[in-house]
>>> print(open('data_28.tsv').read())   # TSV, C-alpha atoms
chain	number	residue	atom	x	y	z
D	17	MET	CA	-87.66	31.27	-23.76
D	18	SER	CA	-89.93	28.95	-21.80
D	19	ASN	CA	-88.90	27.65	-18.44
D	20	SER	CA	-88.74	24.09	-19.78
D	21	ILE	CA	-86.22	25.07	-22.48
D	22	MET	CA	-84.12	26.95	-19.93
D	23	TYR	CA	-84.07	23.90	-17.68
D	24	ILE	CA	-82.99	21.72	-20.61
D	25	VAL	CA	-80.16	24.14	-21.52
D	26	ALA	CA	-79.03	24.34	-17.90
D	27	PHE	CA	-79.13	20.56	-17.69
D	28	LEU	CA	-77.02	20.20	-20.83
D	29	ILE	CA	-74.48	22.72	-19.48
D	30	LEU	CA	-74.21	20.74	-16.27
D	31	ILE	CA	-73.69	17.54	-18.22
D	32	VAL	CA	-70.93	19.11	-20.36
D	33	ALA	CA	-69.28	20.69	-17.31
D	34	GLY	CA	-69.47	17.41	-15.45
D	35	PHE	CA	-67.92	15.59	-18.37
D	36	PHE	CA	-65.16	18.20	-18.63
D	37	PHE	CA	-64.27	18.11	-14.94
D	38	SER	CA	-64.48	14.32	-14.92
D	39	TYR	CA	-62.10	14.16	-17.88
D	40	PHE	CA	-59.78	16.76	-16.36
D	41	PHE	CA	-59.45	15.03	-13.00
D	42	SER	CA	-59.24	11.63	-14.67
D	43	LYS	CA	-56.40	12.92	-16.87
D	44	LYS	CA	-54.62	14.39	-13.88
D	45	ARG	CA	-55.01	11.16	-11.94
D	46	ARG	CA	-53.81	9.01	-14.82
D	47	TYR	CA	-50.75	11.24	-15.24
D	48	GLU	CA	-49.93	10.98	-11.53
D	49	ILE	CA	-50.24	7.20	-11.57
D	50	GLU	CA	-47.83	6.75	-14.49
D	51	TYR	CA	-45.45	9.45	-13.24
D	52	ASN	CA	-45.28	8.04	-9.70
D	53	LYS	CA	-44.67	4.55	-11.03
D	54	GLY	CA	-41.79	5.97	-13.07
D	55	ILE	CA	-40.28	7.61	-9.99
D	56	GLU	CA	-40.63	4.38	-8.00
D	57	VAL	CA	-38.87	2.14	-10.52
D	58	TYR	CA	-36.26	4.83	-11.25
D	59	HIS	CA	-35.24	4.77	-7.59
D	60	GLU	CA	-34.94	1.00	-7.96
D	61	GLU	CA	-32.62	1.63	-10.95
D	62	ASP	CA	-35.05	-0.04	-13.34
D	63	PHE	CA	-34.23	2.48	-16.05
D	64	GLU	CA	-36.10	0.83	-18.89
D	65	GLY	CA	-39.22	0.60	-16.73
D	66	ALA	CA	-38.83	4.25	-15.75
D	67	ILE	CA	-38.63	5.26	-19.41
D	68	LEU	CA	-41.83	3.36	-20.16
D	69	PHE	CA	-43.81	4.96	-17.32
D	70	PHE	CA	-42.53	8.49	-17.94
D	71	GLN	CA	-43.38	8.16	-21.64
D	72	LYS	CA	-46.89	7.02	-20.70
D	73	ALA	CA	-47.24	10.03	-18.39
D	74	ILE	CA	-46.14	12.36	-21.22
D	75	LYS	CA	-48.68	10.76	-23.54
D	76	VAL	CA	-51.43	11.43	-20.98
D	77	ASN	CA	-50.34	15.06	-20.50
D	78	PRO	CA	-47.56	16.46	-22.70
D	79	GLU	CA	-47.93	19.90	-21.09
D	80	LYS	CA	-46.36	18.95	-17.75
D	81	PRO	CA	-42.55	19.28	-17.49
D	82	ASP	CA	-41.89	16.78	-14.67
D	83	ALA	CA	-41.93	13.59	-16.73
D	84	PHE	CA	-39.72	15.19	-19.41
D	85	TYR	CA	-37.25	16.26	-16.72
D	86	ASN	CA	-37.04	12.82	-15.13
D	87	LEU	CA	-36.81	11.17	-18.53
D	88	GLY	CA	-33.78	13.40	-19.13
D	89	LEU	CA	-32.21	12.10	-15.91
D	90	VAL	CA	-32.84	8.46	-16.88
D	91	TYR	CA	-31.30	8.88	-20.31
D	92	MET	CA	-28.32	10.67	-18.77
D	93	ASP	CA	-27.77	7.70	-16.44
D	94	LEU	CA	-27.92	5.43	-19.49
D	95	GLN	CA	-25.42	7.71	-21.29
D	96	LYS	CA	-27.94	8.31	-24.06
D	97	TYR	CA	-26.98	11.95	-24.16
D	98	GLY	CA	-28.96	12.98	-27.25
D	99	ASP	CA	-32.24	11.69	-25.77
D	100	SER	CA	-31.36	13.24	-22.42
D	101	LYS	CA	-30.72	16.66	-23.97
D	102	LYS	CA	-34.00	16.56	-25.91
D	103	ASN	CA	-36.05	15.85	-22.79
D	104	PHE	CA	-34.33	18.47	-20.65
D	105	LEU	CA	-35.00	21.04	-23.38
D	106	ASN	CA	-38.67	19.99	-23.48
D	107	ALA	CA	-38.87	20.46	-19.71
D	108	ILE	CA	-37.28	23.92	-19.98
D	109	LYS	CA	-39.67	24.90	-22.78
D	110	LEU	CA	-42.63	24.05	-20.53
D	111	SER	CA	-41.06	25.56	-17.39
D	112	PRO	CA	-38.50	28.27	-18.32
D	113	ASN	CA	-37.70	29.11	-14.70
D	114	ASP	CA	-36.93	25.56	-13.56
D	115	LEU	CA	-33.40	25.69	-12.16
D	116	ASP	CA	-33.04	21.91	-11.91
D	117	SER	CA	-33.54	21.42	-15.64
D	118	TYR	CA	-30.89	24.03	-16.48
D	119	TYR	CA	-28.53	22.52	-13.88
D	120	ASN	CA	-28.79	18.95	-15.11
D	121	LEU	CA	-28.60	20.01	-18.74
D	122	GLY	CA	-25.39	21.81	-17.78
D	123	LEU	CA	-24.08	18.64	-16.12
D	124	LEU	CA	-25.01	16.70	-19.26
D	125	PHE	CA	-22.95	19.06	-21.41
D	126	LEU	CA	-20.08	18.67	-18.94
D	127	LYS	CA	-20.21	14.89	-19.42
D	128	MET	CA	-20.08	15.53	-23.17
D	129	ASN	CA	-17.06	17.89	-22.72
D	130	LYS	CA	-19.11	20.72	-24.21
D	131	TYR	CA	-17.88	23.35	-21.80
D	132	ASP	CA	-19.30	26.44	-23.49
D	133	ASP	CA	-22.76	24.85	-23.68
D	134	ALA	CA	-22.53	23.91	-20.01
D	135	LEU	CA	-21.56	27.47	-19.10
D	136	LYS	CA	-24.58	28.76	-21.02
D	137	GLN	CA	-26.94	26.63	-18.94
D	138	PHE	CA	-25.26	27.64	-15.70
D	139	SER	CA	-25.52	31.27	-16.82
D	140	ASN	CA	-29.29	30.77	-17.19
D	141	ILE	CA	-29.40	29.66	-13.55
D	142	LEU	CA	-27.36	32.63	-12.37
D	143	ASN	CA	-29.66	35.02	-14.23
D	144	LEU	CA	-32.49	33.65	-12.11
D	145	LYS	CA	-30.50	33.06	-8.91
D	146	PRO	CA	-27.23	35.05	-8.92
D	147	ASN	CA	-25.86	33.58	-5.69
D	148	ASP	CA	-26.44	29.91	-6.44
D	149	VAL	CA	-23.16	28.71	-4.94
D	150	GLU	CA	-22.88	25.32	-6.62
D	151	THR	CA	-23.50	26.86	-10.04
D	152	LEU	CA	-20.89	29.54	-9.39
D	153	TYR	CA	-18.47	26.80	-8.34
D	154	LEU	CA	-19.03	24.65	-11.42
D	155	SER	CA	-18.74	27.69	-13.69
D	156	GLY	CA	-15.43	28.59	-12.05
D	157	CYS	CA	-14.16	25.03	-12.47
D	158	ILE	CA	-14.99	25.04	-16.18
D	159	LEU	CA	-13.36	28.43	-16.71
D	160	LYS	CA	-10.23	27.21	-14.91
D	161	GLU	CA	-10.15	24.15	-17.17
D	162	GLN	CA	-10.44	26.46	-20.21
D	163	ASN	CA	-7.55	28.58	-18.88
D	164	LYS	CA	-9.85	31.61	-18.63
D	165	LEU	CA	-8.20	32.27	-15.33
D	166	ASP	CA	-9.34	35.83	-14.58
D	167	SER	CA	-12.97	34.78	-14.93
D	168	ALA	CA	-12.32	31.55	-13.01
D	169	VAL	CA	-10.88	33.50	-10.08
D	170	LYS	CA	-13.86	35.87	-10.15
D	171	PHE	CA	-16.43	33.06	-9.95
D	172	LEU	CA	-14.52	30.96	-7.44
D	173	LYS	CA	-13.78	33.98	-5.24
D	174	LYS	CA	-17.52	34.67	-5.02
D	175	THR	CA	-18.13	31.00	-4.24
D	176	ALA	CA	-15.63	31.13	-1.39
D	177	GLU	CA	-17.18	34.34	-0.06
D	178	LEU	CA	-20.62	32.70	0.05
D	179	SER	CA	-19.27	29.49	1.66
D	180	PRO	CA	-16.06	30.48	3.49
D	181	ASP	CA	-15.80	27.18	5.37
D	182	ASN	CA	-16.15	24.88	2.37
D	183	SER	CA	-12.69	23.39	1.83
D	184	ASP	CA	-13.53	22.16	-1.70
D	185	TYR	CA	-14.52	25.65	-2.85
D	186	LEU	CA	-11.44	27.20	-1.26
D	187	PHE	CA	-9.14	24.58	-2.74
D	188	MET	CA	-10.40	25.22	-6.26
D	189	LEU	CA	-9.91	28.98	-5.78
D	190	ALA	CA	-6.35	28.35	-4.61
D	191	GLU	CA	-5.73	26.20	-7.69
D	192	ALA	CA	-7.02	28.99	-9.94
D	193	TYR	CA	-4.62	31.52	-8.37
D	194	ASP	CA	-1.84	28.92	-8.56
D	195	LYS	CA	-2.47	28.26	-12.24
D	196	ARG	CA	-2.67	31.96	-13.04
D	197	SER	CA	0.60	32.61	-11.20
D	198	LEU	CA	2.30	30.11	-13.51
D	199	ALA	CA	0.64	31.42	-16.68
D	200	GLU	CA	1.43	35.07	-15.92
D	201	GLN	CA	4.58	34.59	-13.82
D	202	ASN	CA	2.88	36.52	-11.05
D	203	PRO	CA	4.40	35.93	-7.58
D	204	GLU	CA	1.49	37.71	-5.89
D	205	ASP	CA	-0.92	35.05	-7.19
D	206	LEU	CA	1.39	32.33	-5.91
D	207	ASP	CA	1.37	33.95	-2.45
D	208	LYS	CA	-2.43	34.17	-2.61
D	209	ALA	CA	-2.68	30.52	-3.59
D	210	MET	CA	-0.51	29.48	-0.64
D	211	GLU	CA	-2.57	31.60	1.72
D	212	ILE	CA	-5.77	29.87	0.61
D	213	TYR	CA	-4.20	26.37	0.64
D	214	LYS	CA	-3.29	27.06	4.27
D	215	LYS	CA	-6.92	27.98	5.01
D	216	VAL	CA	-8.00	24.67	3.49
D	217	VAL	CA	-5.56	22.79	5.76
D	218	LYS	CA	-6.79	24.78	8.74
D	219	ILE	CA	-10.35	23.62	8.00
D	220	ASN	CA	-9.25	20.07	7.21
D	221	SER	CA	-5.86	19.12	8.62
D	222	GLU	CA	-5.84	15.90	6.55
D	223	HIS	CA	-6.52	17.54	3.19
D	224	GLU	CA	-3.66	15.73	1.45
D	225	GLU	CA	-3.95	17.55	-1.86
D	226	ALA	CA	-3.79	21.01	-0.25
D	227	ILE	CA	-0.74	20.02	1.82
D	228	TYR	CA	0.97	18.60	-1.26
D	229	GLN	CA	0.26	21.76	-3.24
D	230	LEU	CA	1.84	23.78	-0.43
D	231	ALA	CA	4.95	21.64	-0.90
D	232	ILE	CA	4.92	22.37	-4.64
D	233	CYS	CA	4.37	26.10	-4.08
D	234	SER	CA	7.24	26.18	-1.59
D	235	ALA	CA	9.46	24.52	-4.21
D	236	LYS	CA	8.44	27.15	-6.76
D	237	LYS	CA	9.59	29.82	-4.32
D	238	GLY	CA	12.84	27.96	-3.57
D	239	LEU	CA	11.80	27.36	0.05
D	240	TRP	CA	13.31	23.88	0.22
D	241	GLU	CA	13.03	23.38	3.98
D	242	ASP	CA	9.36	24.33	3.88
D	243	CYS	CA	8.87	21.98	0.96
D	244	VAL	CA	10.35	19.10	2.96
D	245	CYS	CA	8.15	19.93	5.95
D	246	TYR	CA	4.99	19.88	3.83
D	247	CYS	CA	6.04	16.60	2.21
D	248	LYS	CA	6.46	15.07	5.66
D	249	ALA	CA	2.98	16.37	6.53
D	250	VAL	CA	1.61	14.61	3.42
D	251	LEU	CA	3.26	11.38	4.60
D	252	GLU	CA	1.53	11.74	7.97
D	253	VAL	CA	-1.76	11.57	6.08
D	254	ASP	CA	-0.63	8.91	3.60
D	255	ASP	CA	2.64	7.10	4.34
D	256	LYS	CA	2.46	5.47	0.89
D	257	SER	CA	2.59	8.72	-1.08
D	258	ALA	CA	5.21	8.19	-3.79
D	259	ARG	CA	4.80	11.76	-5.00
D	260	ALA	CA	5.61	13.14	-1.53
D	261	TYR	CA	8.86	11.15	-1.38
D	262	ASN	CA	9.68	12.22	-4.94
D	263	GLN	CA	9.09	15.90	-4.16
D	264	MET	CA	11.07	15.64	-0.94
D	265	GLY	CA	13.92	14.09	-2.94
D	266	LEU	CA	13.79	17.00	-5.38
D	267	ALA	CA	13.94	19.51	-2.52
D	268	MET	CA	16.96	17.73	-1.04
D	269	TYR	CA	18.62	17.57	-4.45
D	270	CYS	CA	18.13	21.31	-4.93
D	271	SER	CA	19.61	21.84	-1.45
D	272	GLY	CA	22.71	19.86	-2.44
D	273	ASN	CA	21.87	16.93	-0.16
D	274	TYR	CA	22.33	14.20	-2.78
D	275	ASP	CA	22.54	11.18	-0.47
D	276	GLU	CA	19.23	12.03	1.21
D	277	ALA	CA	17.68	12.76	-2.18
D	278	LEU	CA	18.64	9.26	-3.38
D	279	LEU	CA	17.01	7.70	-0.32
D	280	MET	CA	13.78	9.59	-0.99
D	281	TYR	CA	13.73	8.52	-4.65
D	282	GLN	CA	14.34	4.91	-3.67
D	283	LYS	CA	11.41	5.05	-1.24
D	284	ALA	CA	9.18	6.56	-3.92
D	285	LEU	CA	10.04	3.74	-6.31
D	286	GLU	CA	9.49	1.08	-3.64
D	287	ILE	CA	5.94	2.36	-3.35
D	288	ASP	CA	5.37	2.91	-7.08
D	289	PRO	CA	7.93	1.30	-9.42
D	290	ASP	CA	6.27	3.00	-12.40
D	291	TYR	CA	6.39	6.56	-11.06
D	292	ALA	CA	8.08	8.00	-14.14
D	293	GLU	CA	9.18	11.42	-12.91
D	294	THR	CA	11.15	9.86	-10.06
D	295	TYR	CA	13.40	8.06	-12.55
D	296	ASN	CA	14.15	11.37	-14.24
D	297	ASN	CA	15.09	13.02	-10.94
D	298	TYR	CA	16.92	9.92	-9.70
D	299	GLY	CA	19.05	9.76	-12.84
D	300	PHE	CA	20.31	13.32	-12.47
D	301	VAL	CA	21.28	12.77	-8.82
D	302	LEU	CA	23.27	9.70	-9.81
D	303	GLU	CA	24.98	11.78	-12.46
D	304	LYS	CA	25.85	14.45	-9.88
D	305	GLN	CA	27.48	11.72	-7.79
D	306	GLY	CA	29.50	10.54	-10.79
D	307	ASP	CA	27.67	7.23	-11.32
D	308	PHE	CA	27.12	7.74	-15.07
D	309	GLU	CA	26.39	4.11	-15.93
D	310	GLU	CA	23.59	3.81	-13.38
D	311	ALA	CA	22.31	7.24	-14.36
D	312	VAL	CA	21.98	6.09	-17.98
D	313	LYS	CA	20.01	2.99	-16.93
D	314	ILE	CA	17.63	5.05	-14.81
D	315	LEU	CA	17.09	7.74	-17.46
D	316	LYS	CA	16.39	5.07	-20.10
D	317	LYS	CA	13.81	3.59	-17.75
D	318	TYR	CA	12.21	7.03	-17.57
D	319	LEU	CA	12.01	7.27	-21.37
D	320	LYS	CA	10.49	3.79	-21.57
D	321	LEU	CA	7.77	4.68	-19.06
D	322	CYS	CA	7.03	7.90	-20.92
D	323	ARG	CA	6.09	6.04	-24.11
D	324	ASN	CA	2.59	5.51	-22.74
D	325	PHE	CA	2.29	9.00	-21.27
D	326	LYS	CA	-0.33	11.19	-22.95
D	327	PRO	CA	0.22	14.85	-22.05
D	328	THR	CA	-2.49	17.47	-22.59
D	329	ASP	CA	-2.35	19.39	-25.85
D	330	GLU	CA	-0.92	22.58	-24.39
D	331	LYS	CA	1.99	20.65	-22.82
D	332	GLU	CA	2.69	18.16	-25.60
D	333	GLU	CA	5.34	20.13	-27.48
D	334	THR	CA	7.18	21.06	-24.30
D	335	PHE	CA	7.05	17.45	-23.16
D	336	LYS	CA	8.45	16.19	-26.48
D	337	MET	CA	11.28	18.73	-26.28
D	338	LYS	CA	12.07	17.56	-22.75
D	339	LEU	CA	12.25	13.91	-23.85
D	340	GLN	CA	14.47	14.81	-26.79
D	341	ALA	CA	16.79	16.74	-24.47
D	342	ILE	CA	17.06	13.72	-22.17
D	343	LYS	CA	17.85	11.45	-25.14
D	344	GLU	CA	20.65	13.80	-26.13
D	345	HIS	CA	21.89	13.93	-22.55
D	346	ILE	CA	22.00	10.11	-22.38
D	347	LYS	CA	24.15	10.09	-25.51
D	348	GLN	CA	26.53	12.55	-23.84
D	349	LEU	CA	26.75	10.39	-20.73
D	350	GLU	CA	27.39	7.28	-22.82
D	351	GLU	CA	30.14	9.13	-24.66
D	352	SER	CA	31.68	10.14	-21.32
D	353	ILE	CA	31.54	6.52	-20.13
D	354	LYS	CA	33.16	5.37	-23.37
D	355	ASN	CA	35.97	7.91	-23.10
D	356	LYS	CA	36.53	7.01	-19.44
D	357	ASN	CA	36.89	3.31	-20.23
D	358	GLN	CA	39.34	3.82	-23.09
>>> encode(input="data_28.tsv", output="structure tokens")
Amino acid sequence: MSNSIMYIVAFLILIVAGFFFSYFFSKKRRYEIEYNKGIEVYHEEDFEGAILFFQKAIKVNPEKPDAFYNLGLVYMDLQKYGDSKKNFLNAIKLSPNDLDSYYNLGLLFLKMNKYDDALKQFSNILNLKPNDVETLYLSGCILKEQNKLDSAVKFLKKTAELSPDNSDYLFMLAEAYDKRSLAEQNPEDLDKAMEIYKKVVKINSEHEEAIYQLAICSAKKGLWEDCVCYCKAVLEVDDKSARAYNQMGLAMYCSGNYDEALLMYQKALEIDPDYAETYNNYGFVLEKQGDFEEAVKILKKYLKLCRNFKPTDEKEETFKMKLQAIKEHIKQLEESIKNKNQ
């Protein structure tokens, strides 16, 4: 081959290479421009604008996962869950080890109440990063909601071990033990729950929910004085807590202190006149004191408030039986009143 032909070939190769690199860097630059514009308007909550720019970026380069991922976030904010899912899955297909895509797809399934699908995505994260504490926590929360309590305890216990000073993680673990103690009638789990609730309060002395749960746990164990003390501690955090007054009234009722119980129920109803359970408790105290007519009025008020109450499926039958029992009890009281007045 003559030198002139070689020079021509080399020249053509340079031209093609130059064109290729020019196209490549131009494509990369065009993608970055559209993608960055999408990020900018997304932060300004211009969701429709963000969709437009991210779609343009994808059109420029459909092999990059970032625009798909952010498009998934935008659609999730807009509650367009089908579009969100599709884009997260596209991002995962292009980047199978991207933890953020699995995490947000899991959150999306949570919003859709698809708990098993959410758990699957969180499992993908834990396969890649076994000690991801937030993923362990969310998995434990879902399992607790599904009443898979042994697994919930396992996940939440590991979460608490990794973050022993996080009161939210500890509280959820205590709730899992608490729930399992009720399901399995296991006093050891109840003791464990109380121990962890106390740790939560030690970390955060104003953790109202943990203090209140200690009051409830004390009531379950028949420790009425402790229950009253914890209720008073709740009121130090929130002096308008109707549930604390109601629970304190129940503790006093169970201790035989009916007059004090009535005062607590009255305070609860001053704060929240529609606090249904207080009427139920209040009615039975009035009955104990022999005031059947007022007891009937209060118990009927309870039944009226319960018309709009929607219990969860696993409690619905028990709740209906309870209401029926109260209706029958009201009839008995009315019969007693009638006989007394004859």
>>> closest_residue(input="data_28.tsv", among="D:Gln348, D:Thr175, D:Ser197, D:Ser42", to="D:Ser155", atoms="only C-alpha atoms")
D:Thr175
>>> atom_distance(input="data_28.tsv", atom1="atom CA of D:Glu61", atom2="atom CA of D:Phe138")
27.4 Å
>>> closest_residue(input="data_28.tsv", among="D:Leu135, D:Val76, D:Leu159, D:Ile219", to="D:Asp181", atoms="all atoms listed in the file")
D:Ile219
>>> atom_distance(input="data_28.tsv", atom1="atom CA of D:Lys75", atom2="atom CA of D:Arg46")
10.3 Å
>>> closest_residue(input="data_28.tsv", among="D:Glu351, D:Glu224, D:Asp194, D:Asp184", to="D:Lys248", atoms="only C-alpha atoms")
D:Glu224
>>> closest_residue(input="data_28.tsv", among="D:Gly156, D:Lys317, D:Tyr246, D:Gln358", to="D:Lys170", atoms="all atoms listed in the file")
D:Gly156
>>> residues_near_point(input="data_28.tsv", point="(-17.9, 22.3, -14.2)", cutoff="12 Å", atoms="only C-alpha atoms", output="PyMOL selection string")
chain D and resi 119-138+150-162+168+171-172+188
>>> axis_aligned_box(input="data_28.tsv", around="stretch 59-68 of chain D", padding_each_side="6 Å", output="lines of an AutoDock Vina configuration file")
center_x = -37.2
center_y = 2.6
center_z = -13.9
size_x = 21.2
size_y = 17.3
size_z = 24.6
>>> closest_residue(input="data_28.tsv", among="D:Ile353, D:Phe104, D:Ala267, D:Ser221", to="D:Glu310", atoms="only C-alpha atoms")
D:Ile353
>>> residues_around(input="data_28.tsv", residues="D:Glu211", least_positions_apart="3", cutoff="12 Å", atoms="only C-alpha atoms", output="PyMOL selection string")
chain D and resi 186-187+189-191+193-194+204-208+214-218+226-227+229-230+233-234
>>> closest_residue(input="data_28.tsv", among="D:Tyr261, D:Tyr91, D:Phe84, D:Tyr47", to="D:Phe63", atoms="all atoms listed in the file")
D:Tyr91
>>> closest_atom_pairs(input="data_28.tsv", of="stretch 82-190 of chain D", to="stretch 199-203 of chain D", cutoff="12 Å", atoms="only C-alpha atoms", output="CSV")
residue,atom,partner,partner_atom,distance
D:Lys160,CA,D:Ala199,CA,11.8
D:Asn163,CA,D:Ala199,CA,8.9
D:Lys164,CA,D:Ala199,CA,10.7
D:Leu165,CA,D:Ala199,CA,9.0
D:Asp166,CA,D:Glu200,CA,10.9
>>> atom_distance(input="data_28.tsv", atom1="atom CA of D:Ser257", atom2="atom CA of D:Tyr281")
11.7 Å
>>> residues_around(input="data_28.tsv", residues="stretch 105-114 of chain D", least_positions_apart="3", cutoff="12 Å", atoms="only C-alpha atoms", output="number ranges by chain")
D: 74, 77-89, 98-102, 117-122, 124, 137, 140-145
>>> residues_near_point(input="data_28.tsv", point="(20.2, 10.8, -24.1)", cutoff="12 Å", atoms="all atoms listed in the file", output="list in words")
Asn296, Gly299, Phe300, Phe308, Ala311, Val312, Lys313, Ile314, Leu315, Lys316, Lys317, Tyr318, Leu319, Lys338, Leu339, Gln340, Ala341, Ile342, Lys343, Glu344, His345, Ile346, Lys347, Gln348, Leu349, Glu350, Glu351 and Ser352 of chain D
>>> residues_around(input="data_28.tsv", residues="stretch 66-68 of chain D", least_positions_apart="4", cutoff="9 Å", atoms="only C-alpha atoms", output="number ranges by chain")
D: 50-51, 53-59, 61-62, 72-73, 86-87, 90-91
>>> write_last_selection(input="data_28.tsv", atoms="C-alpha atoms", output="tab-separated table (two decimals), in the frame of the given file")
chain	number	residue	atom	x	y	z
D	50	GLU	CA	-47.83	6.75	-14.49
D	51	TYR	CA	-45.45	9.45	-13.24
D	53	LYS	CA	-44.67	4.55	-11.03
D	54	GLY	CA	-41.79	5.97	-13.07
D	55	ILE	CA	-40.28	7.61	-9.99
D	56	GLU	CA	-40.63	4.38	-8.00
D	57	VAL	CA	-38.87	2.14	-10.52
D	58	TYR	CA	-36.26	4.83	-11.25
D	59	HIS	CA	-35.24	4.77	-7.59
D	61	GLU	CA	-32.62	1.63	-10.95
D	62	ASP	CA	-35.05	-0.04	-13.34
D	72	LYS	CA	-46.89	7.02	-20.70
D	73	ALA	CA	-47.24	10.03	-18.39
D	86	ASN	CA	-37.04	12.82	-15.13
D	87	LEU	CA	-36.81	11.17	-18.53
D	90	VAL	CA	-32.84	8.46	-16.88
D	91	TYR	CA	-31.30	8.88	-20.31
>>> build_atoms(input="data_28.tsv", residues="stretch 240-252 of chain D", atoms="N, CA and C atoms", output="PDB file, keeping the file's coordinate frame")
ATOM      1  N   TRP D 240      13.127  25.335   0.215  1.00  0.00           N
ATOM      2  CA  TRP D 240      13.310  23.880   0.220  1.00  0.00           C
ATOM      3  C   TRP D 240      12.998  23.256   1.573  1.00  0.00           C
ATOM      4  N   GLU D 241      13.342  23.935   2.657  1.00  0.00           N
ATOM      5  CA  GLU D 241      13.030  23.380   3.980  1.00  0.00           C
ATOM      6  C   GLU D 241      11.522  23.305   4.195  1.00  0.00           C
ATOM      7  N   ASP D 242      10.816  24.346   3.772  1.00  0.00           N
ATOM      8  CA  ASP D 242       9.360  24.330   3.880  1.00  0.00           C
ATOM      9  C   ASP D 242       8.771  23.210   3.025  1.00  0.00           C
ATOM     10  N   CYS D 243       9.333  23.031   1.850  1.00  0.00           N
ATOM     11  CA  CYS D 243       8.870  21.980   0.960  1.00  0.00           C
ATOM     12  C   CYS D 243       8.998  20.617   1.627  1.00  0.00           C
ATOM     13  N   VAL D 244      10.141  20.369   2.252  1.00  0.00           N
ATOM     14  CA  VAL D 244      10.350  19.100   2.960  1.00  0.00           C
ATOM     15  C   VAL D 244       9.354  18.927   4.087  1.00  0.00           C
ATOM     16  N   CYS D 245       9.105  19.993   4.827  1.00  0.00           N
ATOM     17  CA  CYS D 245       8.150  19.930   5.950  1.00  0.00           C
ATOM     18  C   CYS D 245       6.743  19.569   5.460  1.00  0.00           C
ATOM     19  N   TYR D 246       6.332  20.175   4.373  1.00  0.00           N
ATOM     20  CA  TYR D 246       4.990  19.880   3.830  1.00  0.00           C
ATOM     21  C   TYR D 246       4.926  18.447   3.289  1.00  0.00           C
ATOM     22  N   CYS D 247       6.017  17.993   2.681  1.00  0.00           N
ATOM     23  CA  CYS D 247       6.040  16.600   2.210  1.00  0.00           C
ATOM     24  C   CYS D 247       5.910  15.624   3.374  1.00  0.00           C
ATOM     25  N   LYS D 248       6.572  15.925   4.468  1.00  0.00           N
ATOM     26  CA  LYS D 248       6.460  15.070   5.660  1.00  0.00           C
ATOM     27  C   LYS D 248       5.029  15.096   6.194  1.00  0.00           C
ATOM     28  N   ALA D 249       4.380  16.269   6.095  1.00  0.00           N
ATOM     29  CA  ALA D 249       2.980  16.370   6.530  1.00  0.00           C
ATOM     30  C   ALA D 249       2.070  15.517   5.642  1.00  0.00           C
ATOM     31  N   VAL D 250       2.370  15.475   4.333  1.00  0.00           N
ATOM     32  CA  VAL D 250       1.610  14.610   3.420  1.00  0.00           C
ATOM     33  C   VAL D 250       1.768  13.154   3.861  1.00  0.00           C
ATOM     34  N   LEU D 251       2.992  12.762   4.212  1.00  0.00           N
ATOM     35  CA  LEU D 251       3.260  11.380   4.600  1.00  0.00           C
ATOM     36  C   LEU D 251       2.588  11.015   5.929  1.00  0.00           C
ATOM     37  N   GLU D 252       2.294  12.005   6.747  1.00  0.00           N
ATOM     38  CA  GLU D 252       1.530  11.740   7.970  1.00  0.00           C
ATOM     39  C   GLU D 252       0.093  11.369   7.647  1.00  0.00           C
TER      40      GLU D 252
END
